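The file upload_24.csv contains CSV, N, CA and C atoms:
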chain,number,residue,atom,x,y,z
A,1,ALA,N,274.5,0.8,72.2
A,1,ALA,CA,274.8,-0.6,71.9
A,1,ALA,C,274.7,-0.9,70.4
A,2,ASP,N,275.6,-1.6,69.8
A,2,ASP,CA,275.6,-1.8,68.4
A,2,ASP,C,274.8,-3.1,68.1
A,3,LYS,N,274.8,-4.0,69.0
A,3,LYS,CA,274.0,-5.3,68.8
A,3,LYS,C,272.8,-5.3,69.7
A,4,ALA,N,271.7,-5.7,69.2
A,4,ALA,CA,270.5,-5.8,70.0
A,4,ALA,C,270.5,-6.9,70.9
A,5,ASN,N,270.1,-6.6,72.2
A,5,ASN,CA,269.7,-7.7,73.0
A,5,ASN,C,268.4,-8.2,72.5
A,6,ASP,N,268.1,-9.5,72.8
A,6,ASP,CA,266.8,-10.0,72.3
A,6,ASP,C,265.6,-9.4,73.0
A,7,GLU,N,265.9,-9.0,74.3
A,7,GLU,CA,264.8,-8.6,75.2
A,7,GLU,C,265.2,-7.6,76.1
A,8,TYR,N,264.4,-6.6,76.3
A,8,TYR,CA,264.6,-5.5,77.3
A,8,TYR,C,263.4,-5.5,78.2
A,9,ASN,N,263.6,-5.4,79.5
A,9,ASN,CA,262.5,-5.4,80.5
A,9,ASN,C,262.7,-4.2,81.4
A,10,ILE,N,261.6,-3.4,81.6
A,10,ILE,CA,261.5,-2.3,82.5
A,10,ILE,C,260.4,-2.7,83.5
A,11,VAL,N,260.8,-3.1,84.7
A,11,VAL,CA,259.8,-3.5,85.7
A,11,VAL,C,259.9,-2.7,87.0
A,12,PHE,N,258.9,-2.1,87.4
A,12,PHE,CA,258.9,-1.2,88.6
A,12,PHE,C,260.0,-0.2,88.5
A,13,SER,N,260.2,0.4,87.3
A,13,SER,CA,261.2,1.4,87.2
A,13,SER,C,261.0,2.2,85.9
A,14,ASN,N,261.9,3.1,85.7
A,14,ASN,CA,261.9,3.9,84.5
A,14,ASN,C,263.1,3.6,83.6
A,15,GLY,N,263.0,3.7,82.3
A,15,GLY,CA,264.1,3.4,81.5
A,15,GLY,C,264.0,3.9,80.1
A,16,ILE,N,265.1,4.1,79.5
A,16,ILE,CA,265.2,4.5,78.1
A,16,ILE,C,266.0,3.4,77.3
A,17,ILE,N,265.3,2.9,76.3
A,17,ILE,CA,265.9,1.9,75.4
A,17,ILE,C,266.3,2.6,74.1
A,18,ASP,N,267.6,2.7,73.8
A,18,ASP,CA,268.0,3.4,72.6
A,18,ASP,C,268.4,2.4,71.5
A,19,LEU,N,267.5,2.3,70.5
A,19,LEU,CA,267.7,1.4,69.4
A,19,LEU,C,268.2,2.1,68.2
A,20,THR,N,268.7,3.3,68.3
A,20,THR,CA,269.1,4.1,67.1
A,20,THR,C,270.3,3.7,66.4
A,21,ASN,N,271.2,2.9,67.1
A,21,ASN,CA,272.4,2.5,66.5
A,21,ASN,C,272.6,1.0,66.2
A,22,LEU,N,271.4,0.3,66.1
A,22,LEU,CA,271.5,-1.1,65.8
A,22,LEU,C,272.1,-1.4,64.5
A,23,ASP,N,272.8,-2.5,64.4
A,23,ASP,CA,273.4,-3.0,63.2
A,23,ASP,C,272.4,-4.0,62.6
A,24,LEU,N,271.8,-3.6,61.4
A,24,LEU,CA,270.8,-4.4,60.8
A,24,LEU,C,271.4,-5.2,59.6
A,25,GLU,N,272.7,-5.4,59.6
A,25,GLU,CA,273.3,-6.1,58.5
A,25,GLU,C,272.8,-7.5,58.3
A,26,GLY,N,272.2,-8.1,59.3
A,26,GLY,CA,271.7,-9.5,59.2
A,26,GLY,C,270.3,-9.5,58.6
A,27,GLY,N,269.8,-8.4,58.2
A,27,GLY,CA,268.4,-8.4,57.7
A,27,GLY,C,267.4,-8.0,58.7
A,28,LYS,N,266.4,-8.9,59.0
A,28,LYS,CA,265.4,-8.6,60.0
A,28,LYS,C,266.0,-8.8,61.4
A,29,THR,N,265.9,-7.7,62.2
A,29,THR,CA,266.3,-7.8,63.6
A,29,THR,C,265.1,-7.7,64.5
A,30,GLU,N,264.9,-8.6,65.4
A,30,GLU,CA,263.8,-8.6,66.3
A,30,GLU,C,264.2,-8.3,67.7
A,31,VAL,N,263.4,-7.4,68.3
A,31,VAL,CA,263.6,-7.0,69.7
A,31,VAL,C,262.3,-7.0,70.4
A,32,GLU,N,262.3,-7.5,71.7
A,32,GLU,CA,261.1,-7.5,72.5
A,32,GLU,C,261.4,-6.6,73.7
A,33,VAL,N,260.4,-5.7,73.9
A,33,VAL,CA,260.4,-4.8,75.0
A,33,VAL,C,259.2,-5.0,75.9
A,34,ASN,N,259.4,-5.2,77.2
A,34,ASN,CA,258.3,-5.4,78.2
A,34,ASN,C,258.4,-4.3,79.2
A,35,VAL,N,257.3,-3.6,79.4
A,35,VAL,CA,257.2,-2.6,80.4
A,35,VAL,C,256.1,-3.0,81.4
A,36,VAL,N,256.4,-3.2,82.6
A,36,VAL,CA,255.4,-3.7,83.6
A,36,VAL,C,255.6,-2.8,84.9
A,37,PHE,N,254.5,-2.2,85.2
A,37,PHE,CA,254.5,-1.2,86.4
A,37,PHE,C,255.7,-0.3,86.3
A,38,GLY,N,255.9,0.3,85.1
A,38,GLY,CA,257.0,1.2,84.8
A,38,GLY,C,256.7,2.2,83.8
A,39,ASN,N,257.8,2.9,83.4
A,39,ASN,CA,257.7,4.0,82.5
A,39,ASN,C,258.8,3.9,81.5
A,40,GLY,N,258.6,3.6,80.2
A,40,GLY,CA,259.7,3.4,79.3
A,40,GLY,C,259.6,4.3,78.1
A,41,VAL,N,260.8,4.5,77.5
A,41,VAL,CA,260.9,5.2,76.2
A,41,VAL,C,261.8,4.4,75.3
A,42,ILE,N,261.3,4.2,74.1
A,42,ILE,CA,262.1,3.5,73.1
A,42,ILE,C,262.5,4.6,72.0
A,43,ARG,N,263.8,4.7,71.8
A,43,ARG,CA,264.3,5.6,70.7
A,43,ARG,C,264.6,4.8,69.5
A,44,ILE,N,264.0,5.2,68.4
A,44,ILE,CA,264.3,4.5,67.1
A,44,ILE,C,264.8,5.5,66.1
A,45,ASN,N,265.6,5.0,65.2
A,45,ASN,CA,266.3,5.8,64.2
A,45,ASN,C,265.2,6.1,63.1
A,46,ALA,N,265.0,7.3,62.7
A,46,ALA,CA,264.0,7.7,61.7
A,46,ALA,C,264.4,7.1,60.3
A,47,ASP,N,265.7,6.9,60.1
A,47,ASP,CA,266.1,6.4,58.8
A,47,ASP,C,266.1,4.9,58.7
A,48,VAL,N,265.8,4.2,59.8
A,48,VAL,CA,265.8,2.7,59.7
A,48,VAL,C,264.3,2.2,59.6
A,49,PRO,N,264.1,1.4,58.6
A,49,PRO,CA,262.7,0.8,58.4
A,49,PRO,C,262.4,0.0,59.7
A,50,THR,N,261.2,0.3,60.3
A,50,THR,CA,260.8,-0.2,61.6
A,50,THR,C,259.4,-0.6,61.6
A,51,VAL,N,259.1,-1.8,62.2
A,51,VAL,CA,257.7,-2.2,62.4
A,51,VAL,C,257.6,-2.4,63.9
A,52,ILE,N,256.6,-1.8,64.5
A,52,ILE,CA,256.4,-2.0,65.9
A,52,ILE,C,255.0,-2.5,66.2
A,53,GLU,N,254.9,-3.6,66.9
A,53,GLU,CA,253.7,-4.2,67.3
A,53,GLU,C,253.5,-3.9,68.8
A,54,VAL,N,252.5,-3.1,69.2
A,54,VAL,CA,252.4,-2.8,70.6
A,54,VAL,C,251.1,-3.5,71.2
A,55,LYS,N,251.3,-4.1,72.3
A,55,LYS,CA,250.2,-4.7,73.0
A,55,LYS,C,250.1,-4.1,74.4
A,56,GLY,N,248.9,-3.6,74.8
A,56,GLY,CA,248.8,-3.0,76.1
A,56,GLY,C,247.6,-3.4,76.9
A,57,ALA,N,247.8,-3.4,78.2
A,57,ALA,CA,246.7,-3.7,79.2
A,57,ALA,C,246.9,-2.7,80.4
A,58,PHE,N,245.9,-1.9,80.7
A,58,PHE,CA,246.0,-0.9,81.7
A,58,PHE,C,247.3,-0.1,81.5
A,59,ALA,N,247.4,0.4,80.3
A,59,ALA,CA,248.6,1.0,79.9
A,59,ALA,C,248.4,2.3,79.1
A,60,ARG,N,249.5,3.0,78.8
A,60,ARG,CA,249.5,4.1,77.8
A,60,ARG,C,250.7,3.8,77.0
A,61,ALA,N,250.5,3.5,75.7
A,61,ALA,CA,251.6,3.2,74.8
A,61,ALA,C,251.4,4.1,73.6
A,62,GLU,N,252.4,5.0,73.3
A,62,GLU,CA,252.3,6.0,72.3
A,62,GLU,C,253.3,5.8,71.2
A,63,THR,N,252.9,5.8,70.0
A,63,THR,CA,253.8,5.6,68.8
A,63,THR,C,254.1,6.9,68.2
A,64,PRO,N,255.2,7.0,67.4
A,64,PRO,CA,255.6,8.3,66.8
A,64,PRO,C,254.6,9.0,66.0
A,65,ASP,N,253.5,8.4,65.5
A,65,ASP,CA,252.5,9.1,64.8
A,65,ASP,C,251.4,9.7,65.7
A,66,GLY,N,251.6,9.6,67.0
A,66,GLY,CA,250.7,10.3,67.9
A,66,GLY,C,249.6,9.3,68.4
A,67,SER,N,249.5,8.1,67.8
A,67,SER,CA,248.5,7.2,68.2
A,67,SER,C,248.9,6.6,69.6
A,68,PHE,N,247.9,6.2,70.4
A,68,PHE,CA,248.2,5.5,71.6
A,68,PHE,C,247.1,4.6,71.9
A,69,ILE,N,247.5,3.6,72.7
A,69,ILE,CA,246.5,2.6,73.2
A,69,ILE,C,246.5,2.5,74.7
A,70,THR,N,245.4,2.0,75.2
A,70,THR,CA,245.4,1.7,76.7
A,70,THR,C,245.1,0.2,76.8
A,71,PHE,N,244.3,-0.3,76.0
A,71,PHE,CA,244.1,-1.8,75.9
A,71,PHE,C,244.1,-2.2,74.5
A,72,GLY,N,244.5,-3.4,74.2
A,72,GLY,CA,244.5,-4.0,72.9
A,72,GLY,C,245.8,-3.9,72.2
A,73,GLU,N,245.8,-3.8,70.8
A,73,GLU,CA,247.0,-3.9,70.0
A,73,GLU,C,247.0,-2.8,69.0
A,74,HIS,N,248.2,-2.4,68.6
A,74,HIS,CA,248.4,-1.3,67.6
A,74,HIS,C,249.7,-1.6,66.8
A,75,SER,N,249.6,-1.4,65.5
A,75,SER,CA,250.8,-1.6,64.7
A,75,SER,C,251.2,-0.3,64.1
A,76,TYR,N,252.6,-0.1,64.1
A,76,TYR,CA,253.1,1.1,63.5
A,76,TYR,C,254.3,0.7,62.6
A,77,ARG,N,254.2,1.3,61.4
A,77,ARG,CA,255.2,1.0,60.4
A,77,ARG,C,255.8,2.3,59.9
A,78,THR,N,257.2,2.3,59.7
A,78,THR,CA,257.8,3.4,59.0
A,78,THR,C,258.0,3.1,57.6
A,79,HIS,N,258.7,4.0,56.9
A,79,HIS,CA,258.9,3.9,55.4
A,79,HIS,C,259.9,2.7,55.2
A,80,GLY,N,259.8,2.2,54.0
A,80,GLY,CA,260.9,1.2,53.6
A,80,GLY,C,260.8,-0.2,54.2
A,81,VAL,N,259.7,-0.6,54.8
A,81,VAL,CA,259.8,-1.8,55.6
A,81,VAL,C,259.7,-3.0,54.6
A,82,ASP,N,259.6,-2.8,53.3
A,82,ASP,CA,259.6,-3.9,52.4
A,82,ASP,C,261.0,-4.1,51.7
A,83,ASP,N,262.0,-3.4,52.2
A,83,ASP,CA,263.3,-3.4,51.6
A,83,ASP,C,264.2,-4.5,52.1
A,84,GLY,N,263.8,-5.3,53.1
A,84,GLY,CA,264.7,-6.4,53.6
A,84,GLY,C,265.2,-6.1,55.0
A,85,LYS,N,266.0,-5.1,55.2
A,85,LYS,CA,266.6,-4.8,56.5
A,85,LYS,C,265.5,-4.0,57.3
A,86,VAL,N,265.0,-4.7,58.3
A,86,VAL,CA,263.9,-4.1,59.1
A,86,VAL,C,264.1,-4.4,60.6
A,87,LEU,N,263.9,-3.4,61.4
A,87,LEU,CA,263.9,-3.6,62.8
A,87,LEU,C,262.4,-3.9,63.2
A,88,TYR,N,262.2,-5.0,63.8
A,88,TYR,CA,260.9,-5.4,64.3
A,88,TYR,C,260.9,-5.4,65.8
A,89,ILE,N,260.0,-4.6,66.4
A,89,ILE,CA,259.9,-4.4,67.8
A,89,ILE,C,258.6,-4.9,68.3
A,90,GLU,N,258.6,-5.9,69.2
A,90,GLU,CA,257.4,-6.3,69.9
A,90,GLU,C,257.4,-5.6,71.3
A,91,ALA,N,256.4,-4.7,71.5
A,91,ALA,CA,256.4,-4.0,72.8
A,91,ALA,C,255.1,-4.4,73.6
A,92,ASN,N,255.3,-4.8,74.8
A,92,ASN,CA,254.2,-5.2,75.7
A,92,ASN,C,254.2,-4.3,76.9
A,93,VAL,N,253.1,-3.7,77.2
A,93,VAL,CA,253.0,-2.8,78.3
A,93,VAL,C,251.8,-3.2,79.1
A,94,ALA,N,252.1,-3.4,80.4
A,94,ALA,CA,251.0,-3.7,81.4
A,94,ALA,C,251.2,-2.8,82.6
A,95,PHE,N,250.1,-2.1,83.0
A,95,PHE,CA,250.2,-1.2,84.1
A,95,PHE,C,251.3,-0.3,84.1
A,96,GLY,N,251.6,0.3,82.9
A,96,GLY,CA,252.7,1.2,82.7
A,96,GLY,C,252.5,2.1,81.5
A,97,GLN,N,253.6,2.9,81.2
A,97,GLN,CA,253.6,3.8,80.1
A,97,GLN,C,254.8,3.5,79.2
A,98,LEU,N,254.6,3.7,77.9
A,98,LEU,CA,255.7,3.5,76.9
A,98,LEU,C,255.5,4.6,75.9
A,99,LYS,N,256.6,5.3,75.6
A,99,LYS,CA,256.5,6.3,74.5
A,99,LYS,C,257.6,5.9,73.5
A,100,ILE,N,257.3,5.8,72.2
A,100,ILE,CA,258.3,5.5,71.2
A,100,ILE,C,258.5,6.8,70.4
A,101,ILE,N,259.8,7.2,70.3
A,101,ILE,CA,260.1,8.4,69.6
A,101,ILE,C,261.1,8.1,68.5
A,102,LYS,N,260.9,8.8,67.4
A,102,LYS,CA,261.9,8.8,66.3
A,102,LYS,C,262.9,9.8,66.4
A,103,VAL,N,264.2,9.4,66.2
A,103,VAL,CA,265.3,10.4,66.4
A,103,VAL,C,265.9,10.5,65.0
A,104,GLN,N,266.1,11.7,64.6
A,104,GLN,CA,266.8,12.0,63.3
A,104,GLN,C,267.9,13.0,63.6
A,105,GLY,N,269.1,12.6,63.4
A,105,GLY,CA,270.2,13.5,63.8
A,105,GLY,C,270.2,13.8,65.2
A,106,GLU,N,270.2,15.1,65.5
A,106,GLU,CA,270.2,15.5,66.9
A,106,GLU,C,268.8,16.0,67.4
A,107,THR,N,267.8,15.9,66.5
A,107,THR,CA,266.4,16.4,66.9
A,107,THR,C,265.5,15.2,67.1
A,108,GLU,N,264.5,15.4,67.9
A,108,GLU,CA,263.6,14.3,68.2
A,108,GLU,C,262.2,14.8,67.8
A,109,GLU,N,261.4,13.8,67.3
A,109,GLU,CA,260.0,14.0,67.0
A,109,GLU,C,259.2,13.6,68.2
A,110,ILE,N,258.4,14.5,68.8
A,110,ILE,CA,257.7,14.1,70.0
A,110,ILE,C,256.2,14.3,69.8
Transcribe the structure of this file into structure tokens.
Amino acid sequence: ADKANDEYNIVFSNGIIDLTNLDLEGGKTEVEVNVVFGNGVIRINADVPTVIEVKGAFARAETPDGSFITFGEHSYRTHGVDDGKVLYIEANVAFGQLKIIKVQGETEEI
């Protein structure tokens, strides 16, 4: 998808949300991802400045730097987030799992 939906929900299922090809021409782009009783993967472009705010309860949410939370909040920032064009992701996970991976070219950082 070239344009971001404002919100993605994974409820009682598994899903992959690919945000690697978003058009950030409008500056700051905000996306909300909710995983409830499910298992989700968010793919982000390693070349796109990204800020991710993760909130979890009875969850496992893992960011590309290897950090993870089960309860509480965690922030993850990539390079260049002060340059104007930023992808901002609010990720909420309850009773589920979420893994955020950076994709660069055809290889993935896991």
**Prompt:** In Å, with one decimal, what is the gap from atom C of Phe68 (chain A) to atom N of Val103 (chain A)?
**Reply:**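 Distance reported for this atom pair: 18.7 Å.
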**Asked** Between A:Ile16, A:Val36, A:Leu87, A:Ala94, which has the minimum distance to Ile52 (chain A) (counting only N, CA and C atoms)?
**Response**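 That would be A:Leu87, the residue with the smallest distance to Ile52 (chain A).
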**Item:** Test item: residues at most 7 Å from Asp6 (chain A), only N, CA and C atoms, excluding those fewer than 2 positions along its chain, as a list in words
**Value:**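 Once the adjacent positions are removed, what remains is Ala4, Tyr8, Glu30, Val31, Glu32 and Val33 of chain A.
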Give as an mmCIF file with N, CA and C atoms, in the frame of the given file every residue, naming chains and numbers as the document does, that has an atom within 6 Å of (255.5, -2.5, 70.6), counting all atoms listed in the file.
data_model
loop_
_atom_site.group_PDB
_atom_site.id
_atom_site.type_symbol
_atom_site.label_atom_id
_atom_site.label_comp_id
_atom_site.auth_asym_id
_atom_site.auth_seq_id
_atom_site.Cartn_x
_atom_site.Cartn_y
_atom_site.Cartn_z
ATOM 1 N N ILE A 52 256.600 -1.800 64.500
ATOM 2 C CA ILE A 52 256.400 -2.000 65.900
ATOM 3 C C ILE A 52 255.000 -2.500 66.200
ATOM 4 N N GLU A 53 254.900 -3.600 66.900
ATOM 5 C CA GLU A 53 253.700 -4.200 67.300
ATOM 6 C C GLU A 53 253.500 -3.900 68.800
ATOM 7 N N VAL A 54 252.500 -3.100 69.200
ATOM 8 C CA VAL A 54 252.400 -2.800 70.600
ATOM 9 C C VAL A 54 251.100 -3.500 71.200
ATOM 10 N N LYS A 55 251.300 -4.100 72.300
ATOM 11 C CA LYS A 55 250.200 -4.700 73.000
ATOM 12 C C LYS A 55 250.100 -4.100 74.400
ATOM 13 N N ILE A 89 260.000 -4.600 66.400
ATOM 14 C CA ILE A 89 259.900 -4.400 67.800
ATOM 15 C C ILE A 89 258.600 -4.900 68.300
ATOM 16 N N GLU A 90 258.600 -5.900 69.200
ATOM 17 C CA GLU A 90 257.400 -6.300 69.900
ATOM 18 C C GLU A 90 257.400 -5.600 71.300
ATOM 19 N N ALA A 91 256.400 -4.700 71.500
ATOM 20 C CA ALA A 91 256.400 -4.000 72.800
ATOM 21 C C ALA A 91 255.100 -4.400 73.600
ATOM 22 N N ASN A 92 255.300 -4.800 74.800
ATOM 23 C CA ASN A 92 254.200 -5.200 75.700
ATOM 24 C C ASN A 92 254.200 -4.300 76.900
#
**Message:** At a cut-off of 8 Å, using only N, CA and C atoms, what residues contact Thr63 (chain A)? Leave out same-chain residues fewer than 3 positions from it and give the result as a list in words.
**Reply:**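 The residues satisfying every condition are Arg60, Gly66, Ser67, Phe68, Ile69, Ser75, Tyr76, Leu98, Lys99, Ile100, Ile101, Lys102 and Ile110 of chain A.
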**Request:** Could you tell me which of A:Ala59, A:Ile17, A:Val86, A:Val11 comes closest to Thr29 (chain A) if we count all atoms listed in the file?
**Result:** A:Val86
**Request:** Rounded to one decimal place, report the CA of Phe37 (chain A)-CA of Arg77 (chain A) distance in Å.
**Result:**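 One can read the CA of Phe37 (chain A) to CA of Arg77 (chain A) distance as 26.1 Å.
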**Message:** Taking only N, CA and C atoms into account, name the residue in A:Gln97, A:Asn9, A:Thr20, A:Thr78 that is nearest to Glu62 (chain A).
**Reply:** A:Gln97
**Item:** Atomic distance atom N of Asp82 (chain A) - atom N of Gln104 (chain A), expressed in Å with one decimal
**Value:**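 Answer for the atom N of Asp82 (chain A) to atom N of Gln104 (chain A) separation: 19.5 Å.
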**Prompt:** Got a sec to tell me which of chain A DSSP assigns to strand (DSSP E or B), as a VMD selection string?
**Reply:** chain A and resid 7 to 11 14 to 18 29 to 36 39 to 45 50 to 57 60 to 62 68 to 69 72 to 77 87 to 94 97 to 104 107 to 109
**Asked** Counting all atoms listed in the file, which of A:Gly84, A:Gly96, A:Pro49, A:Gly15 gets nearest to Ala61 (chain A)?
**Response** A:Gly96
Gly56 (chain A): which residues within 5 Å, counting only N, CA and C atoms, same-chain residues fewer than 3 positions away excluded, as a PDB file with N, CA and C atoms, in the coordinates of the input?
ATOM      1  N   THR A  70     245.400   2.000  75.200  1.00  0.00           N
ATOM      2  CA  THR A  70     245.400   1.700  76.700  1.00  0.00           C
ATOM      3  C   THR A  70     245.100   0.200  76.800  1.00  0.00           C
ATOM      4  N   PHE A  71     244.300  -0.300  76.000  1.00  0.00           N
ATOM      5  CA  PHE A  71     244.100  -1.800  75.900  1.00  0.00           C
ATOM      6  C   PHE A  71     244.100  -2.200  74.500  1.00  0.00           C
ATOM      7  N   GLY A  72     244.500  -3.400  74.200  1.00  0.00           N
ATOM      8  CA  GLY A  72     244.500  -4.000  72.900  1.00  0.00           C
ATOM      9  C   GLY A  72     245.800  -3.900  72.200  1.00  0.00           C
ATOM     10  N   VAL A  93     253.100  -3.700  77.200  1.00  0.00           N
ATOM     11  CA  VAL A  93     253.000  -2.800  78.300  1.00  0.00           C
ATOM     12  C   VAL A  93     251.800  -3.200  79.100  1.00  0.00           C
TER      13      VAL A  93
END
